[in-house]
file model.pdb (PDB, C-alpha atoms and all ligand atoms)
ATOM      1  CA  MET A  15       5.914  -9.083  -6.617  1.00  0.00           C
ATOM      2  CA  GLY A  16       9.280  -9.590  -4.943  1.00  0.00           C
ATOM      3  CA  LYS A  17      11.379  -7.914  -7.624  1.00  0.00           C
ATOM      4  CA  PHE A  18      12.177  -5.007  -5.287  1.00  0.00           C
ATOM      5  CA  ASP A  19      12.710  -7.073  -2.127  1.00  0.00           C
ATOM      6  CA  PHE A  20       9.071  -6.363  -1.485  1.00  0.00           C
ATOM      7  CA  GLU A  21       7.271  -8.333   1.186  1.00  0.00           C
ATOM      8  CA  GLU A  22       3.505  -8.118   1.203  1.00  0.00           C
ATOM      9  CA  MET A  23       1.771  -7.060   4.436  1.00  0.00           C
ATOM     10  CA  TRP A  24       5.010  -6.492   6.293  1.00  0.00           C
ATOM     11  CA  ASN A  25       3.237  -5.135   9.367  1.00  0.00           C
ATOM     12  CA  LEU A  26       0.922  -8.099   9.880  1.00  0.00           C
ATOM     13  CA  GLU A  27       3.251  -9.933  12.259  1.00  0.00           C
ATOM     14  CA  HIS A  28       3.739  -6.767  14.336  1.00  0.00           C
ATOM     15  CA  ALA A  29      -0.012  -6.200  14.412  1.00  0.00           C
ATOM     16  CA  ARG A  30      -0.535  -9.642  15.922  1.00  0.00           C
ATOM     17  CA  TYR A  31       1.630  -8.604  18.886  1.00  0.00           C
ATOM     18  CA  ILE A  32       0.176  -5.124  19.245  1.00  0.00           C
ATOM     19  CA  LYS A  33      -3.548  -5.752  18.756  1.00  0.00           C
ATOM     20  CA  PRO A  34      -4.190  -7.731  21.981  1.00  0.00           C
ATOM     21  CA  ALA A  35      -2.632  -4.934  24.073  1.00  0.00           C
ATOM     22  CA  LEU A  36      -4.852  -2.216  22.589  1.00  0.00           C
ATOM     23  CA  GLY A  37      -8.182  -3.080  24.177  1.00  0.00           C
ATOM     24  CA  LYS A  38     -10.911  -1.073  22.449  1.00  0.00           C
ATOM     25  CA  THR A  39      -8.439   1.119  20.566  1.00  0.00           C
ATOM     26  CA  ARG A  40      -8.682   0.448  16.852  1.00  0.00           C
ATOM     27  CA  LEU A  41      -5.663  -0.719  14.882  1.00  0.00           C
ATOM     28  CA  CYS A  42      -5.311   0.231  11.216  1.00  0.00           C
ATOM     29  CA  ILE A  43      -2.577  -1.485   9.241  1.00  0.00           C
ATOM     30  CA  VAL A  44      -0.605  -0.073   6.323  1.00  0.00           C
ATOM     31  CA  GLY A  45       2.416  -1.394   4.464  1.00  0.00           C
ATOM     32  CA  GLY A  46       2.388  -3.689   1.456  1.00  0.00           C
ATOM     33  CA  ASN A  47      -1.329  -4.408   1.471  1.00  0.00           C
ATOM     34  CA  ARG A  48      -2.093  -5.431  -2.103  1.00  0.00           C
ATOM     35  CA  ARG A  49      -4.468  -8.394  -2.370  1.00  0.00           C
ATOM     36  CA  VAL A  50      -8.123  -7.997  -1.456  1.00  0.00           C
ATOM     37  CA  GLU A  51      -8.516 -11.564  -0.173  1.00  0.00           C
ATOM     38  CA  GLN A  52      -5.589 -11.208   2.245  1.00  0.00           C
ATOM     39  CA  MET A  53      -6.784  -7.795   3.412  1.00  0.00           C
ATOM     40  CA  GLU A  54     -10.266  -9.158   4.108  1.00  0.00           C
ATOM     41  CA  GLN A  55      -8.752 -12.120   5.956  1.00  0.00           C
ATOM     42  CA  LEU A  56      -6.650  -9.831   8.131  1.00  0.00           C
ATOM     43  CA  VAL A  57      -9.742  -7.983   9.358  1.00  0.00           C
ATOM     44  CA  GLU A  58     -11.856 -11.173   9.634  1.00  0.00           C
ATOM     45  CA  ASN A  59      -9.123 -12.821  11.718  1.00  0.00           C
ATOM     46  CA  GLY A  60      -9.163  -9.840  14.084  1.00  0.00           C
ATOM     47  CA  ASP A  61      -5.507  -8.950  13.488  1.00  0.00           C
ATOM     48  CA  GLY A  62      -6.571  -5.382  12.750  1.00  0.00           C
ATOM     49  CA  ASP A  63      -9.681  -3.229  12.401  1.00  0.00           C
ATOM     50  CA  ALA A  64      -8.936  -1.698   9.025  1.00  0.00           C
ATOM     51  CA  ILE A  65      -6.300  -1.777   6.344  1.00  0.00           C
ATOM     52  CA  PHE A  66      -4.867   1.173   4.477  1.00  0.00           C
ATOM     53  CA  MET A  67      -2.969   1.441   1.201  1.00  0.00           C
ATOM     54  CA  CYS A  68      -0.772   4.300  -0.002  1.00  0.00           C
ATOM     55  CA  ARG A  69       1.228   3.728  -3.214  1.00  0.00           C
ATOM     56  CA  PRO A  70      -1.531   1.690  -4.892  1.00  0.00           C
ATOM     57  CA  PHE A  71      -3.678   4.848  -5.041  1.00  0.00           C
ATOM     58  CA  ILE A  72      -0.922   6.732  -6.846  1.00  0.00           C
ATOM     59  CA  ARG A  73      -1.096   4.154  -9.615  1.00  0.00           C
ATOM     60  CA  GLU A  74      -4.843   3.500  -9.438  1.00  0.00           C
ATOM     61  CA  PRO A  75      -6.770   6.417  -7.891  1.00  0.00           C
ATOM     62  CA  PHE A  76     -10.073   4.576  -8.427  1.00  0.00           C
ATOM     63  CA  LEU A  77      -8.878   1.262  -7.008  1.00  0.00           C
ATOM     64  CA  VAL A  78     -11.490   1.081  -4.239  1.00  0.00           C
ATOM     65  CA  LYS A  79     -14.298   1.663  -6.759  1.00  0.00           C
ATOM     66  CA  GLN A  80     -12.870  -1.044  -9.020  1.00  0.00           C
ATOM     67  CA  ILE A  81     -12.631  -3.480  -6.108  1.00  0.00           C
ATOM     68  CA  LYS A  82     -16.191  -2.711  -5.021  1.00  0.00           C
ATOM     69  CA  GLU A  83     -17.403  -3.308  -8.573  1.00  0.00           C
ATOM     70  CA  GLY A  84     -15.554  -6.656  -8.680  1.00  0.00           C
ATOM     71  CA  LYS A  85     -13.271  -5.509 -11.514  1.00  0.00           C
ATOM     72  CA  THR A  86     -10.025  -6.368  -9.708  1.00  0.00           C
ATOM     73  CA  LYS A  87      -8.849  -8.332  -6.699  1.00  0.00           C
ATOM     74  CA  LYS A  88      -5.429  -6.772  -6.257  1.00  0.00           C
ATOM     75  CA  ALA A  89      -3.536  -3.532  -6.594  1.00  0.00           C
ATOM     76  CA  ALA A  90      -1.420  -3.162  -9.738  1.00  0.00           C
ATOM     77  CA  CYS A  91       1.311  -1.229  -7.881  1.00  0.00           C
ATOM     78  CA  ILE A  92       4.591  -3.174  -8.024  1.00  0.00           C
ATOM     79  CA  SER A  93       6.148  -1.182  -5.156  1.00  0.00           C
ATOM     80  CA  CYS A  94       9.127   0.002  -7.213  1.00  0.00           C
ATOM     81  CA  ASN A  95       9.194   3.430  -5.447  1.00  0.00           C
ATOM     82  CA  LYS A  96       9.898   5.309  -8.686  1.00  0.00           C
ATOM     83  CA  GLY A  97       7.167   7.786  -7.763  1.00  0.00           C
ATOM     84  CA  VAL A  98       8.996   8.633  -4.537  1.00  0.00           C
ATOM     85  CA  ALA A  99      12.290   8.943  -6.428  1.00  0.00           C
ATOM     86  CA  ALA A 100      10.611  11.444  -8.747  1.00  0.00           C
ATOM     87  CA  LEU A 101       9.092  13.370  -5.859  1.00  0.00           C
ATOM     88  CA  VAL A 102      12.378  13.913  -4.030  1.00  0.00           C
ATOM     89  CA  ASN A 103      13.847  15.155  -7.317  1.00  0.00           C
ATOM     90  CA  ASP A 104      11.180  17.865  -7.646  1.00  0.00           C
ATOM     91  CA  MET A 105       9.168  15.961 -10.238  1.00  0.00           C
ATOM     92  CA  PRO A 106       5.422  15.394 -10.003  1.00  0.00           C
ATOM     93  CA  LEU A 107       4.198  12.460  -7.946  1.00  0.00           C
ATOM     94  CA  ARG A 108       2.661   9.841 -10.232  1.00  0.00           C
ATOM     95  CA  CYS A 109       3.244   6.243 -11.223  1.00  0.00           C
ATOM     96  CA  TYR A 110       6.467   5.957 -13.230  1.00  0.00           C
ATOM     97  CA  THR A 111       6.579   2.258 -14.079  1.00  0.00           C
ATOM     98  CA  ASP A 112       6.918   3.270 -17.711  1.00  0.00           C
ATOM     99  CA  GLY A 113      10.222   4.984 -16.853  1.00  0.00           C
ATOM    100  CA  LEU A 114      11.365   8.094 -15.022  1.00  0.00           C
ATOM    101  CA  PRO A 115      11.486  11.334 -17.019  1.00  0.00           C
ATOM    102  CA  THR A 116      14.770  13.154 -17.412  1.00  0.00           C
ATOM    103  CA  LYS A 117      15.166  16.635 -15.951  1.00  0.00           C
ATOM    104  CA  ASN A 118      15.240  19.521 -18.454  1.00  0.00           C
TER     105      ASN A 118
HETATM  106  C1  LIG B   1       4.517   9.744  -1.568  1.00  0.00           C
HETATM  107  C2  LIG B   1       4.396   9.183  -0.200  1.00  0.00           C
HETATM  108  C3  LIG B   1       4.246  10.022   0.889  1.00  0.00           C
HETATM  109  C4  LIG B   1       4.153   9.505   2.185  1.00  0.00           C
HETATM  110  N1  LIG B   1       4.006  10.352   3.234  1.00  0.00           N
HETATM  111  C5  LIG B   1       3.903   9.861   4.482  1.00  0.00           C
HETATM  112  C6  LIG B   1       3.752  10.730   5.587  1.00  0.00           C
HETATM  113  O1  LIG B   1       3.702  11.946   5.456  1.00  0.00           O
HETATM  114  N2  LIG B   1       3.656  10.187   6.815  1.00  0.00           N
HETATM  115  C7  LIG B   1       3.703   8.822   7.014  1.00  0.00           C
HETATM  116  O2  LIG B   1       3.585   8.383   8.168  1.00  0.00           O
HETATM  117  N3  LIG B   1       3.853   7.979   5.985  1.00  0.00           N
HETATM  118  C8  LIG B   1       3.953   8.456   4.734  1.00  0.00           C
HETATM  119  N4  LIG B   1       4.125   7.605   3.682  1.00  0.00           N
HETATM  120  C9  LIG B   1       4.210   6.140   3.946  1.00  0.00           C
HETATM  121  C10 LIG B   1       2.860   5.507   3.702  1.00  0.00           C
HETATM  122  O3  LIG B   1       1.903   6.007   4.614  1.00  0.00           O
HETATM  123  C11 LIG B   1       2.902   3.974   3.846  1.00  0.00           C
HETATM  124  O4  LIG B   1       3.245   3.618   5.162  1.00  0.00           O
HETATM  125  C12 LIG B   1       3.914   3.327   2.910  1.00  0.00           C
HETATM  126  O5  LIG B   1       3.832   3.895   1.627  1.00  0.00           O
HETATM  127  C13 LIG B   1       3.689   1.815   2.829  1.00  0.00           C
HETATM  128  O6  LIG B   1       2.376   1.533   2.402  1.00  0.00           O
HETATM  129  P1  LIG B   1       2.087   1.064   0.868  1.00  0.00           P
HETATM  130  O7  LIG B   1       2.853  -0.234   0.664  1.00  0.00           O
HETATM  131  O8  LIG B   1       0.594   0.879   0.825  1.00  0.00           O
HETATM  132  O9  LIG B   1       2.588   2.141  -0.014  1.00  0.00           O
HETATM  133  C14 LIG B   1       4.212   8.103   2.391  1.00  0.00           C
HETATM  134  C15 LIG B   1       4.369   7.253   1.290  1.00  0.00           C
HETATM  135  C16 LIG B   1       4.459   7.779   0.013  1.00  0.00           C
HETATM  136  C17 LIG B   1       4.606   6.816  -1.156  1.00  0.00           C
HETATM  137  S1  LIG B   2       5.888   4.138  -9.356  1.00  0.00           S
HETATM  138 FE1  LIG B   2       6.055   2.026  -8.540  1.00  0.00          FE
HETATM  139  S2  LIG B   2       5.605   2.270  -6.338  1.00  0.00           S
HETATM  140 FE2  LIG B   2       4.902   4.128  -7.331  1.00  0.00          FE
HETATM  141  S3  LIG B   2       2.729   3.772  -7.766  1.00  0.00           S
HETATM  142 FE3  LIG B   2       3.867   3.158  -9.598  1.00  0.00          FE
HETATM  143  S4  LIG B   2       4.224   0.944  -9.345  1.00  0.00           S
HETATM  144 FE4  LIG B   2       3.650   1.765  -7.329  1.00  0.00          FE
END

call {"tool": "encode", "arguments": {"input": "model.pdb", "output": "C-alpha cells"}}
result
Amino acid sequence: MGKFDFEEMWNLEHARYIKPALGKTRLCIVGGNRRVEQMEQLVENGDGDAIFMCRPFIREPFLVKQIKEGKTKKAACISCNKGVAALVNDMPLRCYTDGLPTKN
C-alpha cells in the first residue's frame, strides 16, 4: 500500500481530537481502514466506537465473514479507485484491478 499516495486510517488523527468532545455520542470512523489488528486497536484504545470500510467490500463482498472465520487479517483492496473511475464513466461498479474495460 502507498502506490496511490494512500495513507491507511487517514481519519484516526482527527478522531482523536473529535472523540473527547462527543460525550456519549458514538463515533464511527471510515477512510483507509484495511488491517484488522489496527482496526481492533483503534476501538480498544477508545479512539472510536466502530470502524467502517467502503471500497474493500467492492473487492471482497464477504470480507467480514472471512475475517470472522480467521481466513484473512486485512482487506485486499489496494485503494486504486479504478472502480470509481468506471462508475463515473457509466460502467458497472466492481473491482477493476485487472484493468479497466474499454467503452464499446
Ligand atoms: C463507490 C463509492 C460511493 C461512495 N458514496 C458515498 C456517499 O454517497 N456518501 C459518502 O459520504 N461517502 C461516499 N463514499 C465514500 C466512502 O463512504 C468512504 O468514506 C471512502 O470510500 C473511504 O473509505 P474506504 O477507504 O474504506 O473506501 C463512497 C465511496 C465509494 C467508493
Ligand atoms: S478497483 Fe481498486 S479501489 Fe476499487 S475495490 Fe478494486 S482495488 Fe479497491

call {"tool": "residues_near_ligand", "arguments": {"input": "model.pdb", "ligand": "ligand LIG 2 (chain B)", "cutoff": "8 Å", "atoms": "only C-alpha atoms and all ligand atoms", "output": "list of chain:residue names"}}
result
A:Arg69, A:Pro70, A:Phe71, A:Ile72, A:Arg73, A:Glu74, A:Ala90, A:Cys91, A:Ile92, A:Ser93, A:Cys94, A:Asn95, A:Lys96, A:Gly97, A:Val98, A:Arg108, A:Cys109, A:Tyr110, A:Thr111

call {"tool": "residues_near_ligand", "arguments": {"input": "model.pdb", "ligand": "ligand LIG 1 (chain B)", "cutoff": "6 Å", "atoms": "all atoms listed in the file", "output": "PyMOL selection string"}}
result
chain A and resi 44-47+67-69+98

call {"tool": "atom_distance", "arguments": {"input": "model.pdb", "atom1": "CA of Gly62 (chain A)", "atom2": "CA of Lys38 (chain A)"}}
result
11.5 Å

call {"tool": "residues_near_point", "arguments": {"input": "model.pdb", "point": "(-11.0, -8.0, 3.8)", "cutoff": "12 Å", "atoms": "only C-alpha atoms", "output": "VMD selection string"}}
result
chain A and resid 43 47 to 66 81 to 82 87 to 88

call {"tool": "write_last_selection", "arguments": {"input": "model.pdb", "atoms": "C-alpha atoms", "output": "JSON list (two decimals), in the frame of the given file"}}
result
[["chain", "number", "residue", "atom", "x", "y", "z"],
["A", 43, "ILE", "CA", -2.58, -1.48, 9.24],
["A", 47, "ASN", "CA", -1.33, -4.41, 1.47],
["A", 48, "ARG", "CA", -2.09, -5.43, -2.10],
["A", 49, "ARG", "CA", -4.47, -8.39, -2.37],
["A", 50, "VAL", "CA", -8.12, -8.00, -1.46],
["A", 51, "GLU", "CA", -8.52, -11.56, -0.17],
["A", 52, "GLN", "CA", -5.59, -11.21, 2.24],
["A", 53, "MET", "CA", -6.78, -7.80, 3.41],
["A", 54, "GLU", "CA", -10.27, -9.16, 4.11],
["A", 55, "GLN", "CA", -8.75, -12.12, 5.96],
["A", 56, "LEU", "CA", -6.65, -9.83, 8.13],
["A", 57, "VAL", "CA", -9.74, -7.98, 9.36],
["A", 58, "GLU", "CA", -11.86, -11.17, 9.63],
["A", 59, "ASN", "CA", -9.12, -12.82, 11.72],
["A", 60, "GLY", "CA", -9.16, -9.84, 14.08],
["A", 61, "ASP", "CA", -5.51, -8.95, 13.49],
["A", 62, "GLY", "CA", -6.57, -5.38, 12.75],
["A", 63, "ASP", "CA", -9.68, -3.23, 12.40],
["A", 64, "ALA", "CA", -8.94, -1.70, 9.02],
["A", 65, "ILE", "CA", -6.30, -1.78, 6.34],
["A", 66, "PHE", "CA", -4.87, 1.17, 4.48],
["A", 81, "ILE", "CA", -12.63, -3.48, -6.11],
["A", 82, "LYS", "CA", -16.19, -2.71, -5.02],
["A", 87, "LYS", "CA", -8.85, -8.33, -6.70],
["A", 88, "LYS", "CA", -5.43, -6.77, -6.26]]

call {"tool": "atom_distance", "arguments": {"input": "model.pdb", "atom1": "CA of Leu41 (chain A)", "atom2": "CA of Leu107 (chain A)"}}
result
28.1 Å

call {"tool": "atom_distance", "arguments": {"input": "model.pdb", "atom1": "CA of Glu21 (chain A)", "atom2": "CA of Cys42 (chain A)"}}
result
18.2 Å

call {"tool": "build_atoms", "arguments": {"input": "model.pdb", "residues": "region 75-88 of chain A", "atoms": "N, CA and C atoms", "output": "PDB file, in the coordinates of the input"}}
result
ATOM      1  N   PRO A  75      -5.974   5.573  -8.795  1.00  0.00           N
ATOM      2  CA  PRO A  75      -6.770   6.417  -7.891  1.00  0.00           C
ATOM      3  C   PRO A  75      -8.183   5.870  -7.647  1.00  0.00           C
ATOM      4  N   PHE A  76      -8.706   5.097  -8.573  1.00  0.00           N
ATOM      5  CA  PHE A  76     -10.073   4.576  -8.427  1.00  0.00           C
ATOM      6  C   PHE A  76     -10.083   3.097  -8.025  1.00  0.00           C
ATOM      7  N   LEU A  77      -9.018   2.677  -7.372  1.00  0.00           N
ATOM      8  CA  LEU A  77      -8.878   1.262  -7.008  1.00  0.00           C
ATOM      9  C   LEU A  77     -10.025   0.761  -6.124  1.00  0.00           C
ATOM     10  N   VAL A  78     -10.415   1.532  -5.141  1.00  0.00           N
ATOM     11  CA  VAL A  78     -11.490   1.081  -4.239  1.00  0.00           C
ATOM     12  C   VAL A  78     -12.788   0.856  -5.024  1.00  0.00           C
ATOM     13  N   LYS A  79     -13.088   1.789  -5.923  1.00  0.00           N
ATOM     14  CA  LYS A  79     -14.298   1.663  -6.759  1.00  0.00           C
ATOM     15  C   LYS A  79     -14.210   0.391  -7.602  1.00  0.00           C
ATOM     16  N   GLN A  80     -13.033   0.143  -8.174  1.00  0.00           N
ATOM     17  CA  GLN A  80     -12.870  -1.044  -9.020  1.00  0.00           C
ATOM     18  C   GLN A  80     -13.005  -2.333  -8.209  1.00  0.00           C
ATOM     19  N   ILE A  81     -12.490  -2.306  -6.976  1.00  0.00           N
ATOM     20  CA  ILE A  81     -12.631  -3.480  -6.108  1.00  0.00           C
ATOM     21  C   ILE A  81     -14.101  -3.693  -5.757  1.00  0.00           C
ATOM     22  N   LYS A  82     -14.773  -2.607  -5.393  1.00  0.00           N
ATOM     23  CA  LYS A  82     -16.191  -2.711  -5.021  1.00  0.00           C
ATOM     24  C   LYS A  82     -17.037  -3.225  -6.174  1.00  0.00           C
ATOM     25  N   GLU A  83     -16.652  -2.868  -7.390  1.00  0.00           N
ATOM     26  CA  GLU A  83     -17.403  -3.308  -8.573  1.00  0.00           C
ATOM     27  C   GLU A  83     -16.945  -4.680  -9.057  1.00  0.00           C
ATOM     28  N   GLY A  84     -16.007  -5.301  -8.332  1.00  0.00           N
ATOM     29  CA  GLY A  84     -15.554  -6.656  -8.680  1.00  0.00           C
ATOM     30  C   GLY A  84     -14.666  -6.714  -9.911  1.00  0.00           C
ATOM     31  N   LYS A  85     -14.075  -5.559 -10.288  1.00  0.00           N
ATOM     32  CA  LYS A  85     -13.271  -5.509 -11.514  1.00  0.00           C
ATOM     33  C   LYS A  85     -11.830  -5.945 -11.275  1.00  0.00           C
ATOM     34  N   THR A  86     -11.384  -5.921 -10.036  1.00  0.00           N
ATOM     35  CA  THR A  86     -10.025  -6.368  -9.708  1.00  0.00           C
ATOM     36  C   THR A  86      -9.987  -6.914  -8.287  1.00  0.00           C
ATOM     37  N   LYS A  87      -9.005  -7.761  -8.040  1.00  0.00           N
ATOM     38  CA  LYS A  87      -8.849  -8.332  -6.699  1.00  0.00           C
ATOM     39  C   LYS A  87      -7.491  -7.994  -6.102  1.00  0.00           C
ATOM     40  N   LYS A  88      -6.706  -7.191  -6.836  1.00  0.00           N
ATOM     41  CA  LYS A  88      -5.429  -6.772  -6.257  1.00  0.00           C
ATOM     42  C   LYS A  88      -4.958  -5.460  -6.873  1.00  0.00           C
TER      43      LYS A  88
END
